[in-house]
>>> print(open('protein-v7.txt').read())   # compact mmCIF, C-alpha atoms
# COMPACT_ATOMS: atom_id res chain seq x y z
CA MET A 34 97.55 104.19 99.67
CA ALA A 35 94.45 106.43 99.61
CA ALA A 36 94.60 109.86 98.04
CA ALA A 37 95.20 112.76 100.43
CA LYS A 38 92.28 114.53 102.06
CA LYS A 39 92.17 118.08 103.33
CA ASN A 40 93.26 118.15 106.98
CA ALA A 41 95.50 120.22 109.27
CA LEU A 42 98.67 118.25 108.45
CA VAL A 43 98.15 118.52 104.68
CA GLN A 44 97.40 122.25 104.99
CA LEU A 45 100.56 122.79 107.07
CA PHE A 46 102.66 120.91 104.50
CA TRP A 47 101.35 123.06 101.62
CA LYS A 48 102.02 126.26 103.61
CA VAL A 49 105.64 125.31 104.37
CA HIS A 50 106.40 123.73 101.00
CA PRO A 51 106.77 126.96 98.91
CA ALA A 52 109.39 128.36 101.29
CA LEU A 53 111.46 125.17 101.14
CA TYR A 54 111.10 125.05 97.36
CA ARG A 55 112.26 128.66 96.94
CA TRP A 56 115.08 128.28 99.45
CA SER A 57 116.43 125.20 97.68
CA GLY A 58 115.79 126.31 94.09
CA GLY A 59 113.34 123.43 93.74
CA ARG A 60 115.73 120.74 94.96
CA ILE A 61 113.48 120.22 98.02
CA GLY A 62 109.88 119.65 97.02
CA GLY A 63 110.53 119.87 93.30
CA LYS A 64 108.85 116.50 92.78
CA LEU A 65 105.93 114.97 94.66
CA MET A 66 104.02 111.77 94.00
CA ASN A 67 105.85 111.17 90.71
CA LEU A 68 105.06 114.65 89.34
CA PRO A 69 107.19 117.79 89.09
CA VAL A 70 106.14 120.81 91.15
CA LEU A 71 105.98 124.51 90.31
CA LEU A 72 105.14 127.55 92.40
CA LEU A 73 102.30 129.57 90.94
CA THR A 74 101.82 133.18 91.99
CA THR A 75 98.44 134.71 91.20
CA ARG A 76 96.89 138.05 92.10
CA GLY A 77 93.98 137.82 94.54
CA ARG A 78 90.72 138.55 92.73
CA ARG A 79 89.37 140.65 95.62
CA SER A 80 92.44 141.74 97.57
CA GLY A 81 94.84 142.28 94.68
CA ASP A 82 97.55 140.68 96.85
CA GLU A 83 99.95 138.14 95.40
CA ARG A 84 99.29 134.54 96.45
CA THR A 85 101.68 131.64 95.86
CA LYS A 86 100.74 127.96 95.79
CA ALA A 87 102.84 124.89 95.07
CA LEU A 88 101.18 122.75 92.39
CA MET A 89 102.09 119.48 90.79
CA TYR A 90 102.10 119.69 87.01
CA VAL A 91 102.44 117.67 83.83
CA PRO A 92 104.52 119.17 81.01
CA ASP A 93 102.74 119.38 77.66
CA GLY A 94 105.12 120.70 75.04
CA LYS A 95 106.11 124.18 76.24
CA ASN A 96 103.03 124.36 78.50
CA PHE A 97 102.44 123.27 82.07
CA VAL A 98 99.20 121.50 82.98
CA VAL A 99 97.89 121.89 86.53
CA ILE A 100 94.71 120.46 88.01
CA ALA A 101 92.32 122.50 90.16
CA SER A 102 91.33 119.44 92.21
CA TYR A 103 91.53 120.92 95.72
CA LEU A 104 91.79 117.28 96.89
CA GLY A 105 88.20 116.70 95.75
CA GLU A 106 86.68 119.45 97.89
CA PRO A 107 83.28 120.74 96.71
CA ARG A 108 84.61 124.19 95.73
CA HIS A 109 87.33 125.38 93.40
CA PRO A 110 90.70 126.34 94.89
CA ALA A 111 91.31 130.07 95.32
CA TRP A 112 94.24 130.04 92.88
CA TRP A 113 91.91 128.92 90.08
CA LEU A 114 89.32 131.59 90.93
CA ASN A 115 92.14 134.14 90.90
CA LEU A 116 93.28 132.95 87.46
CA GLN A 117 89.74 133.20 86.12
CA ALA A 118 89.70 136.87 87.18
CA ASN A 119 93.25 137.54 85.94
CA PRO A 120 94.82 134.76 83.84
CA GLN A 121 98.36 136.19 83.89
CA ALA A 122 100.59 134.74 86.62
CA GLN A 123 104.18 133.86 87.50
CA ALA A 124 105.45 130.29 87.64
CA VAL A 125 108.67 129.27 89.38
CA ILE A 126 110.15 126.04 88.10
CA GLY A 127 113.33 125.15 89.91
CA SER A 128 115.13 128.47 90.13
CA SER A 129 113.58 129.97 86.96
CA THR A 130 110.62 132.36 86.97
CA ILE A 131 108.41 132.69 83.90
CA THR A 132 105.27 134.65 83.13
CA VAL A 133 102.35 132.42 82.13
CA ARG A 134 98.81 132.90 80.92
CA ALA A 135 96.21 130.41 82.15
CA ARG A 136 93.29 128.91 80.30
CA GLU A 137 90.98 126.00 80.96
CA ALA A 138 91.37 123.05 78.61
CA GLU A 139 88.12 122.01 76.94
CA GLY A 140 86.85 119.25 74.68
CA PRO A 141 89.30 116.73 73.23
CA GLU A 142 92.29 118.63 74.63
CA ARG A 143 90.87 118.36 78.16
CA GLU A 144 90.16 114.66 77.76
CA ARG A 145 93.69 113.98 76.46
CA LEU A 146 95.32 115.98 79.27
CA TRP A 147 93.07 114.52 81.98
CA LYS A 148 93.91 110.97 80.87
CA GLU A 149 97.63 111.78 80.93
CA VAL A 150 97.45 113.35 84.38
CA VAL A 151 95.49 110.39 85.80
CA ARG A 152 97.91 107.97 84.13
CA ARG A 153 100.80 109.67 85.94
CA GLN A 154 98.95 110.18 89.23
CA ALA A 155 95.78 108.13 89.83
CA ASP A 156 94.82 110.17 92.91
CA TYR A 157 93.25 112.74 90.59
CA ALA A 158 90.58 110.20 89.56
CA GLU A 159 89.77 109.70 93.25
CA TYR A 160 89.55 113.47 93.76
CA GLN A 161 87.04 113.67 90.89
CA SER A 162 84.97 110.90 92.49
CA ARG A 163 84.76 112.92 95.74
CA THR A 164 83.09 115.97 94.19
CA GLN A 165 80.13 116.89 92.02
CA ARG A 166 82.05 119.67 90.27
CA ARG A 167 84.01 119.07 87.09
CA ILE A 168 87.64 119.52 88.09
CA PRO A 169 89.29 122.10 85.83
CA VAL A 170 92.33 121.12 83.78
CA VAL A 171 94.36 124.32 83.56
CA VAL A 172 96.97 124.99 80.89
CA LEU A 173 99.68 127.49 81.79
CA GLU A 174 101.16 128.90 78.59
CA PRO A 175 104.47 130.78 78.76
CA VAL A 176 104.13 134.40 77.64
CA ASP A 177 106.90 135.39 75.21
>>> encode(input="protein-v7.txt", output="structure tokens")
Amino acid sequence: MAAAKKNALVQLFWKVHPALYRWSGGRIGGKLMNLPVLLLTTRGRRSGDERTKALMYVPDGKNFVVIASYLGEPRHPAWWLNLQANPQAQAVIGSSTITVRAREAEGPERERLWKEVVRRQADYAEYQSRTQRRIPVVVLEPVD
């Protein structure tokens, strides 16, 4: 099956998904395409408003690795631009909320994490092939 592309149905799914996830404590929508899902709430870089997106992730020790693929679109997703402006965010995993700080993985760490993500979900390799931009590998570190 081909990797998803941005279209009205996909956009509708991702708008409805966070509400179902919250309502069910992550029992509905807590796993997609063999990966666990978290809800990430960032602060809008221009508006200052809170924005929540459901993202698939790969655990890496105590951290959560998310990919700013935007389904291979030519621009970065808004949530990643928001994190670049303000790296502190809230992550909901199941029914637990934690404060996280985001950073982009670089060098050998990025390569290791990218390989692991693609191993678990090959669609990410297809997303990279659709775009000229280097897709960011984002590490969400819990703030103690």
>>> axis_aligned_box(input="protein-v7.txt", around="stretch 122-141 of chain A", padding_each_side="6 Å", output="JSON")
{"center_x": 101.0, "center_y": 125.7, "center_z": 81.7, "size_x": 40.3, "size_y": 30.0, "size_z": 28.9}
>>> closest_residue(input="protein-v7.txt", among="A:Pro175, A:Gly77, A:Pro51, A:Pro141", to="A:Ala111", atoms="only C-alpha atoms")
A:Gly77
>>> atom_distance(input="protein-v7.txt", atom1="atom CA of A:Arg153", atom2="atom CA of A:Met66")
8.9 Å
>>> residues_near_point(input="protein-v7.txt", point="(101.6, 119.5, 90.7)", cutoff="9 Å", atoms="only C-alpha atoms", output="ChimeraX atom specification")
/A:64-66,68-72,87-91,98-100
>>> closest_residue(input="protein-v7.txt", among="A:Arg163, A:Lys95, A:Val170, A:Leu42", to="A:Arg145", atoms="only C-alpha atoms")
A:Val170
